[in-house]
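Engineer: Here it is, the structure, as C-alpha coordinates.
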Amino acid sequence: MRVKHRYQLRTKEKRALVQQLEATPTLLHRDLTSSSVGKTPVELVVLENRTELYLIDERLWLVRTKETTYPSLHALLDGVVTLPKIVVDMGAVPHIANGADVMGPGIVAADDSITEGDIVVVVDQKSQTPLAVGRAIFGADKMSTKSKGRAVTVIMYVGDWLWDLMKSLST
(Lines give C-alpha, C1' and ligand atoms only; values in the text may rest on other atoms or scores of the structure.)
Protein backbone atom coordinates (compact mmCIF):
# COMPACT_ATOMS: atom_id res chain seq x y z
CA MET A 1 0.00 0.00 0.00
CA ARG A 2 1.42 3.36 -1.02
CA VAL A 3 1.29 6.64 0.90
CA LYS A 4 -0.78 9.32 -0.82
CA HIS A 5 -0.33 12.18 1.70
CA ARG A 6 1.63 12.71 4.90
CA TYR A 7 1.47 15.84 7.07
CA GLN A 8 1.33 17.21 10.62
CA LEU A 9 -2.14 18.04 11.93
CA ARG A 10 -2.80 21.62 12.95
CA THR A 11 -4.17 22.36 16.42
CA LYS A 12 -7.69 22.87 15.02
CA GLU A 13 -7.56 19.46 13.27
CA LYS A 14 -6.25 17.77 16.43
CA ARG A 15 -9.01 19.38 18.50
CA ALA A 16 -11.63 18.05 16.06
CA LEU A 17 -10.07 14.57 16.24
CA VAL A 18 -10.13 14.61 20.06
CA GLN A 19 -13.80 15.67 20.04
CA GLN A 20 -14.67 12.75 17.74
CA LEU A 21 -12.74 10.29 19.91
CA GLU A 22 -14.15 11.49 23.24
CA ALA A 23 -17.22 9.36 22.48
CA THR A 24 -14.89 6.34 22.69
CA PRO A 25 -12.45 7.18 25.53
CA THR A 26 -10.51 3.92 25.10
CA LEU A 27 -9.19 5.27 21.77
CA LEU A 28 -7.78 8.49 23.24
CA HIS A 29 -4.01 8.56 23.44
CA ARG A 30 -2.68 9.42 26.93
CA ASP A 31 -0.75 12.37 25.41
CA LEU A 32 -3.70 13.68 23.39
CA THR A 33 -6.45 15.15 25.53
CA SER A 34 -8.54 18.29 25.27
CA SER A 35 -6.10 20.15 27.56
CA SER A 36 -2.88 19.04 25.81
CA VAL A 37 -4.02 19.00 22.19
CA GLY A 38 -1.79 21.88 21.07
CA LYS A 39 1.39 20.37 22.54
CA THR A 40 1.27 16.88 21.09
CA PRO A 41 2.47 16.48 17.48
CA VAL A 42 0.11 14.27 15.47
CA GLU A 43 0.92 13.18 11.95
CA LEU A 44 -1.67 11.99 9.45
CA VAL A 45 -0.73 9.48 6.75
CA VAL A 46 -3.35 8.88 4.07
CA LEU A 47 -2.93 5.72 2.00
CA GLU A 48 -4.08 5.15 -1.58
CA ASN A 49 -7.11 3.19 -0.39
CA ARG A 50 -8.11 6.21 1.78
CA THR A 51 -7.15 4.51 5.04
CA GLU A 52 -5.97 7.16 7.50
CA LEU A 53 -3.12 6.44 9.89
CA TYR A 54 -2.52 8.74 12.86
CA LEU A 55 1.00 8.78 14.28
CA ILE A 56 2.35 10.19 17.53
CA ASP A 57 6.15 10.23 17.87
CA GLU A 58 6.33 8.25 14.61
CA ARG A 59 4.38 5.39 16.21
CA LEU A 60 1.12 4.27 14.68
CA TRP A 61 -1.63 5.09 17.15
CA LEU A 62 -4.93 5.00 15.30
CA VAL A 63 -6.28 3.56 12.05
CA ARG A 64 -9.41 4.98 10.44
CA THR A 65 -11.11 3.26 7.53
CA LYS A 66 -14.43 4.00 5.87
CA GLU A 67 -16.09 1.46 8.18
CA THR A 68 -14.43 2.00 11.57
CA THR A 69 -11.74 3.58 13.73
CA TYR A 70 -9.52 1.40 15.89
CA PRO A 71 -6.22 1.64 17.76
CA SER A 72 -3.11 0.06 16.36
CA LEU A 73 -1.19 -2.78 17.92
CA HIS A 74 1.67 -0.31 18.48
CA ALA A 75 -0.59 1.84 20.69
CA LEU A 76 -1.76 -1.24 22.59
CA LEU A 77 1.80 -2.53 23.02
CA ASP A 78 2.89 0.90 24.27
CA GLY A 79 -0.04 0.93 26.70
CA VAL A 80 -1.32 4.33 25.57
CA VAL A 81 -4.83 3.09 24.74
CA THR A 82 -6.95 0.23 26.03
CA LEU A 83 -9.57 -2.08 24.59
CA PRO A 84 -11.72 -4.89 25.96
CA LYS A 85 -9.52 -7.99 26.09
CA ILE A 86 -9.85 -11.55 24.83
CA VAL A 87 -7.28 -14.05 26.10
CA VAL A 88 -6.39 -17.01 23.89
CA ASP A 89 -4.47 -20.19 24.69
CA MET A 90 -0.93 -20.59 23.40
CA GLY A 91 -2.04 -23.06 20.71
CA ALA A 92 -3.97 -20.26 18.97
CA VAL A 93 -1.06 -17.81 18.94
CA PRO A 94 0.73 -18.96 15.73
CA HIS A 95 -2.55 -18.99 13.81
CA ILE A 96 -3.57 -15.50 14.94
CA ALA A 97 -0.03 -14.22 14.24
CA ASN A 98 -0.61 -15.38 10.65
CA GLY A 99 -3.90 -13.49 10.38
CA ALA A 100 -6.42 -16.21 11.27
CA ASP A 101 -9.64 -15.22 12.98
CA VAL A 102 -10.03 -16.17 16.64
CA MET A 103 -11.94 -19.40 17.08
CA GLY A 104 -14.18 -20.07 20.08
CA PRO A 105 -12.29 -23.10 21.44
CA GLY A 106 -9.06 -21.07 21.68
CA ILE A 107 -10.57 -18.44 23.99
CA VAL A 108 -9.54 -18.80 27.62
CA ALA A 109 -11.16 -15.59 28.95
CA ALA A 110 -12.99 -12.50 27.73
CA ASP A 111 -13.87 -9.21 29.42
CA ASP A 112 -17.48 -9.29 30.58
CA SER A 113 -18.16 -5.91 28.95
CA ILE A 114 -17.68 -7.22 25.38
CA THR A 115 -20.76 -7.02 23.19
CA GLU A 116 -21.33 -8.10 19.60
CA GLY A 117 -19.47 -5.79 17.18
CA ASP A 118 -17.03 -4.35 19.74
CA ILE A 119 -13.43 -3.71 18.74
CA VAL A 120 -11.25 -5.88 21.00
CA VAL A 121 -7.61 -6.73 21.60
CA VAL A 122 -6.54 -10.38 21.48
CA VAL A 123 -3.74 -11.30 23.89
CA ASP A 124 -1.90 -14.53 24.63
CA GLN A 125 -2.50 -16.41 27.86
CA LYS A 126 1.12 -16.55 28.99
CA SER A 127 2.40 -12.96 28.72
CA GLN A 128 -0.79 -11.00 27.91
CA THR A 129 0.98 -9.54 24.85
CA PRO A 130 -1.33 -8.00 22.22
CA LEU A 131 -1.44 -10.20 19.11
CA ALA A 132 -4.33 -8.73 17.16
CA VAL A 133 -7.12 -6.20 17.04
CA GLY A 134 -10.47 -7.58 15.97
CA ARG A 135 -14.24 -7.25 15.97
CA ALA A 136 -16.25 -9.46 18.33
CA ILE A 137 -18.78 -11.63 16.51
CA PHE A 138 -20.52 -12.46 19.82
CA GLY A 139 -20.83 -10.95 23.26
CA ALA A 140 -18.66 -12.23 26.11
CA ASP A 141 -21.45 -14.46 27.41
CA LYS A 142 -21.62 -16.46 24.15
CA MET A 143 -17.84 -16.47 23.64
CA SER A 144 -17.20 -18.39 26.83
CA THR A 145 -19.59 -21.17 25.74
CA LYS A 146 -18.65 -21.28 22.03
CA SER A 147 -17.27 -24.75 21.31
CA LYS A 148 -16.57 -24.24 17.60
CA GLY A 149 -16.41 -21.59 14.91
CA ARG A 150 -15.21 -18.00 14.73
CA ALA A 151 -15.65 -15.64 17.68
CA VAL A 152 -13.53 -12.64 16.59
CA THR A 153 -12.81 -11.33 13.10
CA VAL A 154 -9.18 -10.17 13.04
CA ILE A 155 -8.65 -6.67 11.60
CA MET A 156 -4.96 -6.15 12.34
CA TYR A 157 -2.29 -8.55 13.61
CA VAL A 158 1.40 -8.62 14.43
CA GLY A 159 3.38 -8.85 11.18
CA ASP A 160 0.59 -7.74 8.82
CA TRP A 161 0.95 -5.11 6.07
CA LEU A 162 0.34 -2.21 8.50
CA TRP A 163 3.02 -3.55 10.81
CA ASP A 164 5.46 -3.67 7.90
CA LEU A 165 4.35 -0.24 6.59
CA MET A 166 5.16 1.34 9.94
CA LYS A 167 8.71 -0.01 9.74
CA SER A 168 9.17 1.70 6.37
CA LEU A 169 7.57 5.00 7.48
CA SER A 170 9.84 5.36 10.50
CA THR A 171 13.03 5.08 8.43
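Ordering of the C-alpha coordinates sets the chain letters (A, B, ...), residue numbers begin anew at 1 in every chain, and ligands are numbered from 1 in the order given.
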Where does range 146-170 of chain A meet range 80-95 of chain A within 12 Å, residue by residue, with the nearest atom pair and distance in Å to one decimal for each, counting only C-alpha atoms, listed by chain and rising number, as JSON lines?
Structural biologist:
{"residue": "A:Ala151", "atom": "CA", "partner": "A:Ile86", "partner_atom": "CA", "distance": 10.1}
{"residue": "A:Val152", "atom": "CA", "partner": "A:Ile86", "partner_atom": "CA", "distance": 9.1}
{"residue": "A:Val154", "atom": "CA", "partner": "A:His95", "partner_atom": "CA", "distance": 11.1}
{"residue": "A:Tyr157", "atom": "CA", "partner": "A:His95", "partner_atom": "CA", "distance": 10.4}
{"residue": "A:Val158", "atom": "CA", "partner": "A:Pro94", "partner_atom": "CA", "distance": 10.4}
{"residue": "A:Gly159", "atom": "CA", "partner": "A:Pro94", "partner_atom": "CA", "distance": 11.4}
Engineer: Write down as a PyMOL selection string the residues of range 1-169 of chain A whose backbone DSSP state falls under alpha helix (DSSP H).
Structural biologist: chain A and resi 11-21+73-78+93-96+140-143+161-169
Engineer: In range 33-152 of chain A, what's strand (DSSP E or B) per DSSP? Answer as a PyMOL selection string?
Structural biologist: chain A and resi 42-47+52-56+59-64+69-71+85-88+102-103+107-110+119-124+130-136+150-152
Engineer: How many Å lie between CA of Trp61 in chain A and CA of Thr26 in chain A, rounded to one decimal?
Structural biologist: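 Interatomic distance here is 12.0 Å.
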Engineer: When you count only C-alpha atoms, which of these residues is closest to Asn98 in chain A: A:Met156, A:Leu76, A:Val120, A:Val3?
Structural biologist: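 Result for the nearest residue to Asn98 in chain A: A:Met156.
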Engineer: Please determine, counting only C-alpha atoms, which residue among A:Lys14, A:Lys126, A:Lys167, A:Arg30 has the shortest atom-to-atom distance to Glu58 in chain A.
Structural biologist: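 That would be A:Lys167, the residue with the smallest distance to Glu58 in chain A.
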Engineer: Using only C-alpha atoms, tabulate the residues of range 69-163 of chain A lying at most 12 Å from any atom of range 49-54 of chain A, each with its closest atom pair and that distance in Å to one decimal, by chain and increasing residue number, as a Markdown table.
Structural biologist:
| residue | atom | partner | partner_atom | distance |
| --- | --- | --- | --- | --- |
| A:Thr69 | CA | A:Glu52 | CA | 9.2 |
| A:Tyr70 | CA | A:Leu53 | CA | 10.1 |
| A:Pro71 | CA | A:Tyr54 | CA | 9.4 |
| A:Ser72 | CA | A:Leu53 | CA | 9.1 |
| A:His74 | CA | A:Tyr54 | CA | 11.4 |
| A:Ala75 | CA | A:Tyr54 | CA | 10.6 |
| A:Leu162 | CA | A:Leu53 | CA | 9.4 |
| A:Trp163 | CA | A:Leu53 | CA | 11.8 |
Engineer: How would the residues just chosen look if you wrote them out with N, CA and C atoms as a PDB file, in the first residue's frame?
Structural biologist:
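Output saved as again.pdb:
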ATOM      1  N   THR A  69     -12.980   3.025  13.187  1.00  0.00           N
ATOM      2  CA  THR A  69     -11.741   3.580  13.733  1.00  0.00           C
ATOM      3  C   THR A  69     -11.294   2.653  14.853  1.00  0.00           C
ATOM      4  N   TYR A  70     -10.024   2.304  14.869  1.00  0.00           N
ATOM      5  CA  TYR A  70      -9.523   1.401  15.894  1.00  0.00           C
ATOM      6  C   TYR A  70      -8.063   1.714  16.197  1.00  0.00           C
ATOM      7  N   PRO A  71      -7.615   1.385  17.417  1.00  0.00           N
ATOM      8  CA  PRO A  71      -6.221   1.645  17.764  1.00  0.00           C
ATOM      9  C   PRO A  71      -5.315   0.614  17.111  1.00  0.00           C
ATOM     10  N   SER A  72      -4.077   0.980  16.943  1.00  0.00           N
ATOM     11  CA  SER A  72      -3.108   0.057  16.356  1.00  0.00           C
ATOM     12  C   SER A  72      -2.526  -0.848  17.434  1.00  0.00           C
ATOM     13  N   HIS A  74       0.577  -1.088  17.887  1.00  0.00           N
ATOM     14  CA  HIS A  74       1.667  -0.306  18.475  1.00  0.00           C
ATOM     15  C   HIS A  74       1.163   0.461  19.696  1.00  0.00           C
ATOM     16  N   ALA A  75      -0.019   1.081  19.576  1.00  0.00           N
ATOM     17  CA  ALA A  75      -0.588   1.839  20.688  1.00  0.00           C
ATOM     18  C   ALA A  75      -0.937   0.917  21.855  1.00  0.00           C
ATOM     19  N   LEU A 162       0.210  -3.460   7.758  1.00  0.00           N
ATOM     20  CA  LEU A 162       0.343  -2.207   8.502  1.00  0.00           C
ATOM     21  C   LEU A 162       1.578  -2.234   9.392  1.00  0.00           C
ATOM     22  N   TRP A 163       1.837  -3.372   9.978  1.00  0.00           N
ATOM     23  CA  TRP A 163       3.025  -3.552  10.814  1.00  0.00           C
ATOM     24  C   TRP A 163       4.272  -3.278   9.985  1.00  0.00           C
TER      25      TRP A 163
END
Engineer: For Leu55 in chain A, please output as a list in words all residues within 8 Å (counting only C-alpha atoms; exclusion window: fewer than 6 positions along the same chain).
Structural biologist: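 With the cut-off at 8 Å, the set is Val42, Glu43, Leu44, Val45, Trp61 and Leu62 of chain A.
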Engineer: I'd like to know which of A:Pro105, A:Ala132, A:Ala140, A:Leu32 is closest to Gln19 in chain A, using only C-alpha atoms.
Structural biologist: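 When distances to Gln19 in chain A are compared using only C-alpha atoms, the smallest one comes from A:Leu32.
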Engineer: Out of A:Leu77, A:Thr24, A:Pro130, A:Leu9, which residue has the shortest atom-to-atom distance to Ile56 in chain A when counting only C-alpha atoms?
Structural biologist: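 Closest to Ile56 in chain A, using only C-alpha atoms: A:Leu9.
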Engineer: Extract, using only C-alpha atoms, all DNA, RNA and protein residues at most 9 Å from Asp118 in chain A, discarding same-chain residues fewer than 6 positions from it, and format them as a list of chain:residue names.
Structural biologist: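 Those residues are A:Pro84, A:Gly134, A:Arg135, A:Ala136, A:Ile137, A:Phe138, A:Gly139.
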